[in-house]
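Okay, structure first, notes after.
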Amino acid sequence: MARFIFITGGVVSSLGKGLTAAALGALLQARGFSVRMRKLDPYLNVDPGTMSPFEHGEVFVTDDGAETDLDLGHYERFTGVAARNTDSISSGRIYSTVLEKERRGDYLGKTIQVIPHVTNEIKDFISIGEDEVDFMLCEIGGTVGDIEALPFFEAIRQFSQDKPRGECIFMHLTLLPFLAASGELKTKPTQHSVKELRSIGIAPDVLVCRSEHPIPDKEREKIGLFCNVRTDSVIAAYDMKSIYEAPLKFHEQGLDQAVLDAFGISPAPAPNLSVWEDVADRINNTDGEVKVAIVGKYTQLEDAYKSIKEALTHGGMHNRVKVKVEWVDAELFDKEDAAPYLEGYHAILVPGGFGERGTEGKIKAAQFARERNVPYLGICLGMQMAVIESARNLAGITDAGSEEFDHEAGKKRFEPVVYHLKEWVQGNHKVKRKAGDDKGGTMRLGAYNATLAEGSKVAEVYGTTAIEERHRHRYEVDIKYREELEKKGLIFSGMSPDGKLPEIVEVKDHPWFIGVQYHPELKSKPFDPHPLFADFVKAAIDNSRLV
Ligand code: GLN
């Protein structure tokens with residue numbers, strides 16, 4: 001049976017709750033325990049799949065096809081445990097399940113209420129698979145006091161009462177602001193936040209306090225006293241050079257020890273931190289820097305491409321170089337020459353995206369990279385744009401485009417080299433879609449196999465010809481253009497196992513030009529960089545030597 005750690009936040013949002021939870025997961029693993037991590041989000045969307053990246057950052061996709069919060073990406077990157085559909089839940093999903101049950105008559109005529117019906121649904125969700133691991137870490141999104149989060153706080157309070165004593169603990173993250181004028185760290189917001197938590201029946205066992213300045217022992221004691229937490233369970237979270245130092249830094253501050261003490265696990269097994277020591281060494285001992293342009297649409301919000309940024313960092317760690325990522329807005333050169341915007345980068349990455357805006361710029365970025373021998377990695381939409389570029393400029397299909405843009409514009413303007421995929425095979429069943437279907441959860445989602453061509457660049461990069469990668473797309477490159485494009489040098493080097501869906505393209509006689517229909521960034525880890533990112537960064541290094 002798992003022990004449960006509930007992670008909540010207070011004072012302000014964006015304190016790094018997900019990261020702290022993920023680092024704690026990694027530290028428990030380092031002590032030999034198995035973990036699973038979960039996110040409970042208070043918003044009313046059923047999942048974040050339909051939210052704009054501007055609203056919510058990247059949508060992280062699991063192997064089993066769930067569209068989830070980007071914190072699940074942190075969880076995977078730190079623990080290496082593949083997240084599942086059942087590791088992410090929102091109020092929207094809870095309520096829609098409750099309402100479905102009500103319509104079905106499952107509640108046998110009862111009045112449906114937040115307590116117990118909604119809270120029971122949340123508790124059922126929390127306990128899924130509880131006998132599989134030693135620790136279940138559940139993070140509650142938002143901050144204590146948010147109206148919509150109340151049912152979640154109530155549910156975890158009840159949950160801890162339902163369990164035998166000592167099987168659940170609460171960890172609360174707060175901020176200690178520094179007042180420059182008086183040169184003081186202020187503990188009052190933390191006191192208020194804990195008071196708020198206690199007023200709904202939750203007493204934190206461990207407090208993690210974000211601070212830009214060292215927390216003196218005196219302040220730590222004060223926080224402990226006023227918040228009713230043991231002084232050695234008041235843990236400092238200081239700013240770090242890299243998020244991947246978090247496990248080591250939190251260990252230094254005694255976070256894992258405080259958690260094990262709170263559970264009464266004594267003696268605590270000694271940690272083996274060698275993986276994280278190696279990771280820290282790779283961050284701190286680099287030789288040189290490469291500059292990579294990410295040419296996209298959601299460039300104002302870095303979180304929109306979170307996993308790509310992290311995967312590039314992992315690629316840098318693999319090669320022991322610093323990867324300097326710059327965000328280039330594709331719309332800037334929709335109608336003009338891309339060269340002035342892209343010269344000076346050692347490699348170009350065009351990430352996934354939706355909608356037509358900025359796509360002409362992305363097509364130009366692919367053309368620039370292809371013609372100038374600059375390493376290019378196209379991901380999902382970035383692959384589709386590379387194919388359209390080759391179709392237009394190599395195969396002479398001058399009106400090549402994607403049906404996605406025609407659908408958006410409501411009229412036919414393009415030859416659909418990329419078309420709306422309406423039927424495909426998943427495992428051993430057929431999936432069918434039609435125009436006008438719901439937008440939520442209807443894409444080709446989750447892990448699918450692909451077969452790589454012997455002797456291709458990608459087969460060399462992966463070191464195998466059978467791969468499994470995560471997908472999230474509605475449109476697909478049309479295989480009927482394969483022969484024509486291959487004749488001109490765009491090779492279809494990866495296909496779905498039934499040979500129907502192009503998964504990878506690469507440009508022949510180019511140092512490094514690869515487009516993939518899936519999202520390799522979702523599986524990259526600091527201690528296990530994704531081969532495509534490791535090799536892409538290596539190609540950028542090789543290119544930097546030429547410039
Ligand atoms: N909009 C494209 C599609 O749906 C690409 C999606 C993506 O880049 N994730 O196929």
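A note on labels: chains of the structure tokens are A, B, ... as shown, every chain counts residues from 1, and ligands are counted from 1 in their shown order.
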
field: Neighbourhood of ligand 1 at 9 Å, counting only C-alpha atoms and all ligand atoms, reported as a PyMOL selection string
entry: chain A and resi 351-356+379-384+402+404+418-421+443-444+471-477+517-519

message: Could you list, as a PyMOL selection string, every residue within 10 Å of Ala246 of chain A, counting only C-alpha atoms and ignoring same-chain residues fewer than 3 positions away?
response: chain A and resi 19-20+22-24+26-27+78+237-243+249-252+276+280

task: Determine which residues of segment 46-264 of chain A receive a DSSP assignment of helix (DSSP H, G or I), computed from the backbone, and state them as an NGL selection string.
output: :A and (48-50 or 53-56 or 71-79 or 85-87 or 91-104 or 114-126 or 147-162 or 188-199 or 217-227 or 231-233 or 243-253 or 255-263)

With only C-alpha atoms as the counted atoms, please give the residues lying no more than 10 Å from segment 295-309 of chain A, apart from itself and same-chain residues fewer than 5 positions off, as a compact mmCIF listing (two decimals) with all heavy atoms, in the first residue's frame.
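Output below, filename part_20.txt:
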```txt
# COMPACT_ATOMS: atom_id res chain seq x y z
N SER A 52 -5.38 27.07 -25.07
CA SER A 52 -4.30 27.65 -25.85
C SER A 52 -3.00 27.56 -25.05
O SER A 52 -3.02 27.75 -23.84
CB SER A 52 -4.62 29.11 -26.14
OG SER A 52 -3.44 29.83 -26.36
N PRO A 53 -1.89 27.31 -25.74
CA PRO A 53 -0.61 27.31 -25.02
C PRO A 53 -0.34 28.64 -24.32
O PRO A 53 0.37 28.70 -23.34
CB PRO A 53 0.42 27.07 -26.11
CG PRO A 53 -0.33 26.46 -27.24
CD PRO A 53 -1.72 26.99 -27.15
N PHE A 54 -0.96 29.72 -24.82
CA PHE A 54 -0.79 31.01 -24.16
C PHE A 54 -1.44 31.00 -22.78
O PHE A 54 -1.03 31.70 -21.86
CB PHE A 54 -1.45 32.14 -24.97
CG PHE A 54 -0.72 32.44 -26.24
CD1 PHE A 54 -1.36 32.34 -27.46
CD2 PHE A 54 0.62 32.81 -26.22
CE1 PHE A 54 -0.69 32.62 -28.64
CE2 PHE A 54 1.30 33.10 -27.40
CZ PHE A 54 0.64 33.01 -28.62
N GLU A 55 -2.50 30.21 -22.64
CA GLU A 55 -3.23 30.14 -21.37
C GLU A 55 -2.51 29.27 -20.37
O GLU A 55 -2.45 29.55 -19.20
CB GLU A 55 -4.60 29.47 -21.60
CG GLU A 55 -5.60 30.26 -22.37
CD GLU A 55 -6.32 31.26 -21.49
OE1 GLU A 55 -6.63 30.91 -20.35
OE2 GLU A 55 -6.56 32.38 -21.97
N HIS A 56 -2.02 28.15 -20.88
CA HIS A 56 -1.67 27.10 -19.95
C HIS A 56 -0.32 26.46 -20.22
O HIS A 56 0.07 25.50 -19.58
CB HIS A 56 -2.78 26.03 -20.05
CG HIS A 56 -2.73 25.03 -18.95
ND1 HIS A 56 -2.18 23.79 -19.13
CD2 HIS A 56 -3.09 25.11 -17.65
CE1 HIS A 56 -2.24 23.13 -17.98
NE2 HIS A 56 -2.79 23.91 -17.08
N GLY A 57 0.41 26.98 -21.19
CA GLY A 57 1.69 26.35 -21.54
C GLY A 57 1.45 25.09 -22.34
O GLY A 57 0.35 24.85 -22.85
N GLU A 58 2.49 24.29 -22.42
CA GLU A 58 2.43 23.09 -23.24
C GLU A 58 1.41 22.06 -22.73
O GLU A 58 1.15 21.98 -21.54
CB GLU A 58 3.83 22.47 -23.18
CG GLU A 58 3.93 21.03 -23.53
CD GLU A 58 5.34 20.53 -23.22
OE1 GLU A 58 6.23 20.80 -24.02
OE2 GLU A 58 5.52 19.86 -22.19
N VAL A 59 0.87 21.30 -23.67
CA VAL A 59 0.05 20.16 -23.29
C VAL A 59 0.95 18.93 -23.34
O VAL A 59 1.54 18.63 -24.37
CB VAL A 59 -1.13 19.97 -24.26
CG1 VAL A 59 -1.88 18.69 -23.96
CG2 VAL A 59 -2.06 21.17 -24.18
N PHE A 60 1.09 18.27 -22.23
CA PHE A 60 1.95 17.08 -22.19
C PHE A 60 1.10 15.85 -22.52
O PHE A 60 -0.04 15.75 -22.08
CB PHE A 60 2.57 16.95 -20.79
CG PHE A 60 3.66 15.93 -20.72
CD1 PHE A 60 4.94 16.22 -21.16
CD2 PHE A 60 3.40 14.66 -20.22
CE1 PHE A 60 5.96 15.27 -21.10
CE2 PHE A 60 4.41 13.70 -20.16
CZ PHE A 60 5.68 14.01 -20.60
N LEU A 70 1.43 20.37 -17.98
CA LEU A 70 2.87 20.24 -18.24
C LEU A 70 3.68 19.79 -17.03
O LEU A 70 4.81 19.34 -17.17
CB LEU A 70 3.46 21.52 -18.84
CG LEU A 70 3.30 22.89 -18.18
CD1 LEU A 70 4.13 23.01 -16.93
CD2 LEU A 70 3.72 23.95 -19.17
N ASP A 71 3.10 19.87 -15.83
CA ASP A 71 3.81 19.35 -14.67
C ASP A 71 4.09 17.85 -14.80
O ASP A 71 5.06 17.35 -14.23
CB ASP A 71 3.02 19.62 -13.38
CG ASP A 71 3.36 21.00 -12.82
OD1 ASP A 71 4.53 21.40 -12.92
OD2 ASP A 71 2.45 21.66 -12.30
N GLY A 73 5.18 16.50 -17.28
CA GLY A 73 6.48 16.45 -17.97
C GLY A 73 7.62 16.52 -16.97
O GLY A 73 8.57 15.74 -17.03
N HIS A 74 7.51 17.45 -16.00
CA HIS A 74 8.53 17.52 -14.95
C HIS A 74 8.61 16.19 -14.21
O HIS A 74 9.68 15.69 -13.94
CB HIS A 74 8.16 18.57 -13.90
CG HIS A 74 8.42 19.97 -14.33
ND1 HIS A 74 9.58 20.36 -14.94
CD2 HIS A 74 7.67 21.09 -14.21
CE1 HIS A 74 9.53 21.66 -15.19
NE2 HIS A 74 8.37 22.12 -14.76
N ARG A 77 10.45 13.73 -16.27
CA ARG A 77 11.86 14.06 -16.47
C ARG A 77 12.68 13.80 -15.21
O ARG A 77 13.87 13.55 -15.28
CB ARG A 77 12.01 15.52 -16.91
CG ARG A 77 11.65 15.72 -18.38
CD ARG A 77 11.99 17.11 -18.87
NE ARG A 77 11.04 18.10 -18.43
CZ ARG A 77 9.91 18.40 -19.08
NH1 ARG A 77 9.61 17.76 -20.20
NH2 ARG A 77 9.09 19.32 -18.63
N HIS A 314 18.91 18.69 -22.45
CA HIS A 314 19.44 17.33 -22.26
C HIS A 314 20.44 16.98 -23.36
O HIS A 314 21.47 16.36 -23.11
CB HIS A 314 18.32 16.28 -22.29
CG HIS A 314 17.20 16.56 -21.33
ND1 HIS A 314 15.93 16.04 -21.49
CD2 HIS A 314 17.14 17.33 -20.22
CE1 HIS A 314 15.16 16.46 -20.50
NE2 HIS A 314 15.86 17.25 -19.73
N GLY A 315 20.11 17.41 -24.59
CA GLY A 315 21.03 17.17 -25.72
C GLY A 315 22.36 17.87 -25.46
O GLY A 315 23.43 17.32 -25.74
N VAL A 323 23.40 24.92 -24.50
CA VAL A 323 22.55 25.19 -25.65
C VAL A 323 21.81 26.50 -25.37
O VAL A 323 21.05 26.60 -24.40
CB VAL A 323 21.54 24.06 -25.88
CG1 VAL A 323 20.64 24.38 -27.07
CG2 VAL A 323 22.27 22.74 -26.12
N LYS A 324 22.10 27.48 -26.19
CA LYS A 324 21.41 28.76 -26.02
C LYS A 324 20.22 28.76 -26.96
O LYS A 324 20.38 28.69 -28.18
CB LYS A 324 22.37 29.89 -26.35
CG LYS A 324 21.79 31.25 -26.11
CD LYS A 324 22.91 32.27 -25.91
CE LYS A 324 22.40 33.56 -25.33
NZ LYS A 324 21.84 34.45 -26.28
N VAL A 325 19.04 28.79 -26.38
CA VAL A 325 17.82 28.75 -27.19
C VAL A 325 17.31 30.16 -27.40
O VAL A 325 17.20 30.92 -26.45
CB VAL A 325 16.75 27.89 -26.48
CG1 VAL A 325 15.42 28.01 -27.19
CG2 VAL A 325 17.18 26.44 -26.41
N GLU A 326 17.04 30.51 -28.62
CA GLU A 326 16.39 31.80 -28.88
C GLU A 326 15.07 31.56 -29.59
O GLU A 326 14.97 30.71 -30.46
CB GLU A 326 17.30 32.72 -29.68
CG GLU A 326 18.34 33.34 -28.75
CD GLU A 326 19.29 34.30 -29.42
OE1 GLU A 326 18.94 34.83 -30.48
OE2 GLU A 326 20.38 34.50 -28.85
N TRP A 327 14.06 32.33 -29.21
CA TRP A 327 12.72 32.15 -29.76
C TRP A 327 12.55 33.14 -30.90
O TRP A 327 12.71 34.34 -30.72
CB TRP A 327 11.67 32.40 -28.68
CG TRP A 327 12.00 31.67 -27.42
CD1 TRP A 327 12.75 32.14 -26.38
CD2 TRP A 327 11.66 30.32 -27.09
NE1 TRP A 327 12.88 31.16 -25.42
CE2 TRP A 327 12.23 30.05 -25.82
CE3 TRP A 327 10.92 29.32 -27.73
CZ2 TRP A 327 12.09 28.81 -25.20
CZ3 TRP A 327 10.78 28.10 -27.10
CH2 TRP A 327 11.36 27.85 -25.86
N VAL A 328 12.23 32.62 -32.06
CA VAL A 328 12.06 33.49 -33.21
C VAL A 328 10.61 33.37 -33.68
O VAL A 328 10.12 32.26 -33.93
CB VAL A 328 13.02 33.06 -34.36
CG1 VAL A 328 12.85 33.96 -35.56
CG2 VAL A 328 14.47 33.07 -33.88
N ASP A 329 9.95 34.51 -33.78
CA ASP A 329 8.54 34.50 -34.18
C ASP A 329 8.44 34.32 -35.69
O ASP A 329 8.88 35.18 -36.46
CB ASP A 329 7.92 35.84 -33.74
CG ASP A 329 6.43 35.89 -34.04
OD1 ASP A 329 5.92 34.95 -34.70
OD2 ASP A 329 5.78 36.87 -33.64
N ALA A 330 7.85 33.21 -36.12
CA ALA A 330 7.79 32.87 -37.54
C ALA A 330 7.03 33.93 -38.35
O ALA A 330 7.30 34.12 -39.54
CB ALA A 330 7.12 31.51 -37.72
N GLU A 331 6.11 34.61 -37.70
CA GLU A 331 5.29 35.60 -38.42
C GLU A 331 6.13 36.77 -38.94
O GLU A 331 5.74 37.44 -39.88
CB GLU A 331 4.22 36.15 -37.49
CG GLU A 331 2.92 35.41 -37.63
CD GLU A 331 1.84 36.08 -36.80
OE1 GLU A 331 1.91 35.98 -35.55
OE2 GLU A 331 0.95 36.68 -37.39
N LEU A 332 7.29 36.98 -38.30
CA LEU A 332 8.13 38.11 -38.71
C LEU A 332 8.54 38.02 -40.17
O LEU A 332 8.73 39.03 -40.83
CB LEU A 332 9.40 38.17 -37.83
CG LEU A 332 9.18 38.49 -36.35
CD1 LEU A 332 10.49 38.40 -35.60
CD2 LEU A 332 8.59 39.90 -36.22
N TYR A 341 16.84 36.84 -40.30
CA TYR A 341 16.37 36.42 -38.98
C TYR A 341 17.04 35.12 -38.51
O TYR A 341 17.07 34.83 -37.33
CB TYR A 341 14.85 36.20 -39.00
CG TYR A 341 14.07 37.46 -39.29
CD1 TYR A 341 13.72 37.79 -40.59
CD2 TYR A 341 13.72 38.33 -38.26
CE1 TYR A 341 13.02 38.96 -40.86
CE2 TYR A 341 13.01 39.48 -38.52
CZ TYR A 341 12.67 39.81 -39.82
OH TYR A 341 11.98 40.95 -40.07
N LEU A 342 17.54 34.36 -39.47
CA LEU A 342 18.01 33.01 -39.10
C LEU A 342 19.53 32.81 -39.24
O LEU A 342 20.07 31.82 -38.75
CB LEU A 342 17.28 31.96 -39.94
CG LEU A 342 15.76 31.92 -39.73
CD1 LEU A 342 15.11 30.90 -40.65
CD2 LEU A 342 15.42 31.60 -38.28
N ILE A 348 18.28 24.94 -36.44
CA ILE A 348 16.92 25.50 -36.44
C ILE A 348 15.92 24.41 -36.07
O ILE A 348 15.98 23.29 -36.62
CB ILE A 348 16.58 26.06 -37.83
CG1 ILE A 348 17.48 27.27 -38.12
CG2 ILE A 348 15.10 26.45 -37.94
CD1 ILE A 348 17.39 27.78 -39.54
N LEU A 349 15.02 24.74 -35.16
CA LEU A 349 13.98 23.78 -34.78
C LEU A 349 12.62 24.42 -35.02
O LEU A 349 12.38 25.54 -34.57
CB LEU A 349 14.17 23.41 -33.30
CG LEU A 349 13.35 22.25 -32.76
CD1 LEU A 349 14.06 21.60 -31.59
CD2 LEU A 349 11.95 22.64 -32.35
N VAL A 350 11.78 23.74 -35.76
CA VAL A 350 10.40 24.22 -35.92
C VAL A 350 9.49 23.25 -35.15
O VAL A 350 9.40 22.07 -35.48
CB VAL A 350 9.98 24.33 -37.40
CG1 VAL A 350 8.53 24.77 -37.50
CG2 VAL A 350 10.87 25.34 -38.12
N PRO A 351 8.86 23.74 -34.09
CA PRO A 351 8.09 22.86 -33.21
C PRO A 351 6.66 22.63 -33.69
O PRO A 351 6.27 23.13 -34.76
CB PRO A 351 8.08 23.64 -31.90
CG PRO A 351 8.11 25.08 -32.32
CD PRO A 351 8.89 25.14 -33.61
N GLY A 352 5.89 21.95 -32.89
CA GLY A 352 4.49 21.69 -33.21
C GLY A 352 3.66 22.96 -33.09
O GLY A 352 4.12 23.97 -32.54
N GLY A 353 2.48 22.93 -33.63
CA GLY A 353 1.62 24.09 -33.53
C GLY A 353 0.30 23.83 -34.25
O GLY A 353 0.13 22.81 -34.93
N PHE A 354 -0.62 24.76 -34.08
CA PHE A 354 -1.95 24.62 -34.67
C PHE A 354 -2.33 25.91 -35.37
O PHE A 354 -2.01 26.99 -34.90
CB PHE A 354 -2.97 24.28 -33.57
CG PHE A 354 -2.72 22.93 -32.98
CD1 PHE A 354 -1.79 22.77 -31.96
CD2 PHE A 354 -3.36 21.81 -33.48
CE1 PHE A 354 -1.52 21.52 -31.43
CE2 PHE A 354 -3.10 20.56 -32.96
CZ PHE A 354 -2.19 20.41 -31.94
N GLY A 355 -3.02 25.78 -36.50
CA GLY A 355 -3.51 26.96 -37.21
C GLY A 355 -2.49 27.51 -38.19
O GLY A 355 -1.30 27.19 -38.14
N GLU A 356 -3.02 28.36 -39.07
CA GLU A 356 -2.21 28.82 -40.20
C GLU A 356 -1.22 29.94 -39.86
O GLU A 356 -0.18 30.06 -40.49
CB GLU A 356 -3.15 29.29 -41.33
CG GLU A 356 -2.40 29.66 -42.59
CD GLU A 356 -3.31 29.93 -43.78
OE1 GLU A 356 -4.53 30.00 -43.59
OE2 GLU A 356 -2.79 30.07 -44.90
N ARG A 357 -1.57 30.72 -38.85
CA ARG A 357 -0.75 31.90 -38.57
C ARG A 357 0.73 31.53 -38.39
O ARG A 357 1.06 30.62 -37.65
CB ARG A 357 -1.27 32.59 -37.30
CG ARG A 357 -0.82 34.00 -37.12
CD ARG A 357 -1.82 34.78 -36.27
NE ARG A 357 -1.99 34.20 -34.92
CZ ARG A 357 -1.11 34.32 -33.94
NH1 ARG A 357 0.01 35.00 -34.13
NH2 ARG A 357 -1.36 33.78 -32.76
N GLY A 358 1.59 32.20 -39.13
CA GLY A 358 3.02 31.96 -38.99
C GLY A 358 3.57 30.81 -39.82
O GLY A 358 4.77 30.58 -39.85
N THR A 359 2.68 30.07 -40.51
CA THR A 359 3.18 28.87 -41.19
C THR A 359 4.03 29.20 -42.42
O THR A 359 4.95 28.46 -42.74
CB THR A 359 2.04 27.91 -41.59
OG1 THR A 359 1.04 28.65 -42.28
CG2 THR A 359 1.45 27.24 -40.37
N GLY A 361 6.14 31.53 -42.64
CA GLY A 361 7.47 31.78 -42.06
C GLY A 361 8.17 30.46 -41.72
O GLY A 361 9.37 30.30 -41.94
N LYS A 362 7.40 29.51 -41.21
CA LYS A 362 7.99 28.21 -40.86
C LYS A 362 8.47 27.49 -42.11
O LYS A 362 9.51 26.82 -42.12
CB LYS A 362 6.98 27.35 -40.10
CG LYS A 362 6.66 27.92 -38.73
CD LYS A 362 5.60 27.12 -38.00
CE LYS A 362 5.16 27.88 -36.75
NZ LYS A 362 4.10 27.23 -36.02
N ALA A 365 11.64 28.94 -43.04
CA ALA A 365 12.72 28.48 -42.15
C ALA A 365 13.23 27.12 -42.61
O ALA A 365 14.44 26.86 -42.63
CB ALA A 365 12.22 28.41 -40.72
N ALA A 366 12.29 26.23 -43.02
CA ALA A 366 12.70 24.91 -43.51
C ALA A 366 13.52 25.04 -44.79
O ALA A 366 14.54 24.36 -44.98
CB ALA A 366 11.46 24.04 -43.75
N GLY A 378 12.31 19.26 -37.43
CA GLY A 378 10.91 19.67 -37.53
C GLY A 378 10.06 18.71 -36.72
O GLY A 378 10.14 17.49 -36.92
N ILE A 379 9.28 19.26 -35.80
CA ILE A 379 8.46 18.40 -34.94
C ILE A 379 7.00 18.62 -35.26
O ILE A 379 6.51 19.76 -35.19
CB ILE A 379 8.76 18.71 -33.47
CG1 ILE A 379 10.22 18.32 -33.15
CG2 ILE A 379 7.78 17.98 -32.55
CD1 ILE A 379 10.65 18.61 -31.75
N LEU A 381 3.99 19.81 -36.61
CA LEU A 381 3.73 20.83 -37.62
C LEU A 381 5.04 21.20 -38.32
O LEU A 381 5.06 21.48 -39.53
CB LEU A 381 3.12 22.08 -36.96
CG LEU A 381 2.66 23.15 -37.94
CD1 LEU A 381 1.44 22.69 -38.73
CD2 LEU A 381 2.34 24.46 -37.23
N GLY A 382 6.15 21.16 -37.60
CA GLY A 382 7.46 21.48 -38.17
C GLY A 382 7.88 20.49 -39.24
O GLY A 382 8.61 20.82 -40.18
N HIS A 519 6.25 13.57 -31.15
CA HIS A 519 6.90 14.52 -30.24
C HIS A 519 8.00 13.83 -29.43
O HIS A 519 7.76 13.40 -28.30
CB HIS A 519 5.86 15.12 -29.30
CG HIS A 519 4.91 16.03 -29.99
ND1 HIS A 519 5.17 17.36 -30.19
CD2 HIS A 519 3.71 15.80 -30.58
CE1 HIS A 519 4.18 17.92 -30.86
NE2 HIS A 519 3.28 16.99 -31.11
N PRO A 520 9.21 13.77 -29.98
CA PRO A 520 10.30 13.08 -29.26
C PRO A 520 10.64 13.79 -27.95
O PRO A 520 11.11 13.15 -27.01
CB PRO A 520 11.47 13.15 -30.24
CG PRO A 520 11.19 14.32 -31.13
CD PRO A 520 9.69 14.37 -31.24
N GLU A 521 10.38 15.10 -27.90
CA GLU A 521 10.77 15.87 -26.70
C GLU A 521 10.09 15.36 -25.44
O GLU A 521 10.60 15.53 -24.33
CB GLU A 521 10.45 17.36 -26.91
CG GLU A 521 8.97 17.76 -26.90
CD GLU A 521 8.26 17.61 -28.24
OE1 GLU A 521 8.80 16.88 -29.11
OE2 GLU A 521 7.17 18.21 -28.42
N LEU A 522 8.93 14.69 -25.61
CA LEU A 522 8.18 14.27 -24.43
C LEU A 522 8.85 13.11 -23.69
O LEU A 522 8.51 12.83 -22.54
CB LEU A 522 6.75 13.87 -24.82
CG LEU A 522 5.93 14.96 -25.53
CD1 LEU A 522 4.54 14.44 -25.90
CD2 LEU A 522 5.80 16.20 -24.66
N LYS A 523 9.77 12.43 -24.37
CA LYS A 523 10.38 11.27 -23.71
C LYS A 523 11.82 11.52 -23.28
O LYS A 523 12.48 10.61 -22.78
CB LYS A 523 10.28 10.05 -24.62
CG LYS A 523 8.86 9.47 -24.61
CD LYS A 523 8.63 8.38 -25.60
CE LYS A 523 9.22 7.06 -25.24
NZ LYS A 523 8.69 5.97 -26.10
N SER A 524 12.31 12.73 -23.46
CA SER A 524 13.71 13.00 -23.11
C SER A 524 13.87 13.23 -21.61
O SER A 524 13.00 13.83 -20.98
CB SER A 524 14.19 14.22 -23.89
OG SER A 524 15.58 14.35 -23.75
N LYS A 525 14.97 12.73 -21.05
CA LYS A 525 15.24 12.92 -19.62
C LYS A 525 16.66 13.46 -19.46
O LYS A 525 17.51 13.16 -20.28
CB LYS A 525 15.18 11.57 -18.87
CG LYS A 525 14.09 10.62 -19.33
CD LYS A 525 12.87 10.78 -18.49
CE LYS A 525 11.74 9.84 -18.83
NZ LYS A 525 11.52 9.36 -20.16
N PHE A 533 17.53 14.48 -30.01
CA PHE A 533 18.02 15.75 -29.48
C PHE A 533 19.53 15.71 -29.23
O PHE A 533 20.23 16.69 -29.47
CB PHE A 533 17.24 16.13 -28.21
CG PHE A 533 15.89 16.70 -28.53
CD1 PHE A 533 14.78 15.86 -28.67
CD2 PHE A 533 15.73 18.05 -28.74
CE1 PHE A 533 13.55 16.37 -29.00
CE2 PHE A 533 14.48 18.58 -29.07
CZ PHE A 533 13.39 17.73 -29.21
```

- request: Extract, using only C-alpha atoms, all DNA, RNA and protein residues at most 6 Å from Cys138 of chain A, discarding same-chain residues fewer than 2 positions from it, and format them as number ranges by chain.
  value: A: 6, 37-39

May I have a table of the residues of segment 372-479 of chain A lying at most 9 Å from segment 527-531 of chain A, giving each one's closest pair of atoms and their distance in Å to one decimal, counting only C-alpha atoms, ordered by chain and ascending residue number, as CSV?
```
residue,atom,partner,partner_atom,distance
A:Val461,CA,A:Pro531,CA,6.2
A:Tyr462,CA,A:Pro531,CA,5.8
A:Gly463,CA,A:Pro531,CA,8.7
```

message: as a VMD selection string, please: every residue in segment 418-541 of chain A that a backbone DSSP assignment puts in strand (DSSP E).
response: chain A and resid 418 to 420 423 to 426 429 to 432 444 to 452 466 to 473 475 to 477 490 to 495 502 to 507 513 to 516

- request: Return the single residue from A:Ala386, A:Leu197, A:Leu394, A:Val81 that is closest to Gly9 of chain A, with distances computed using only C-alpha atoms.
  value: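 Using only C-alpha atoms, Gly9 of chain A sits closest to A:Leu197.
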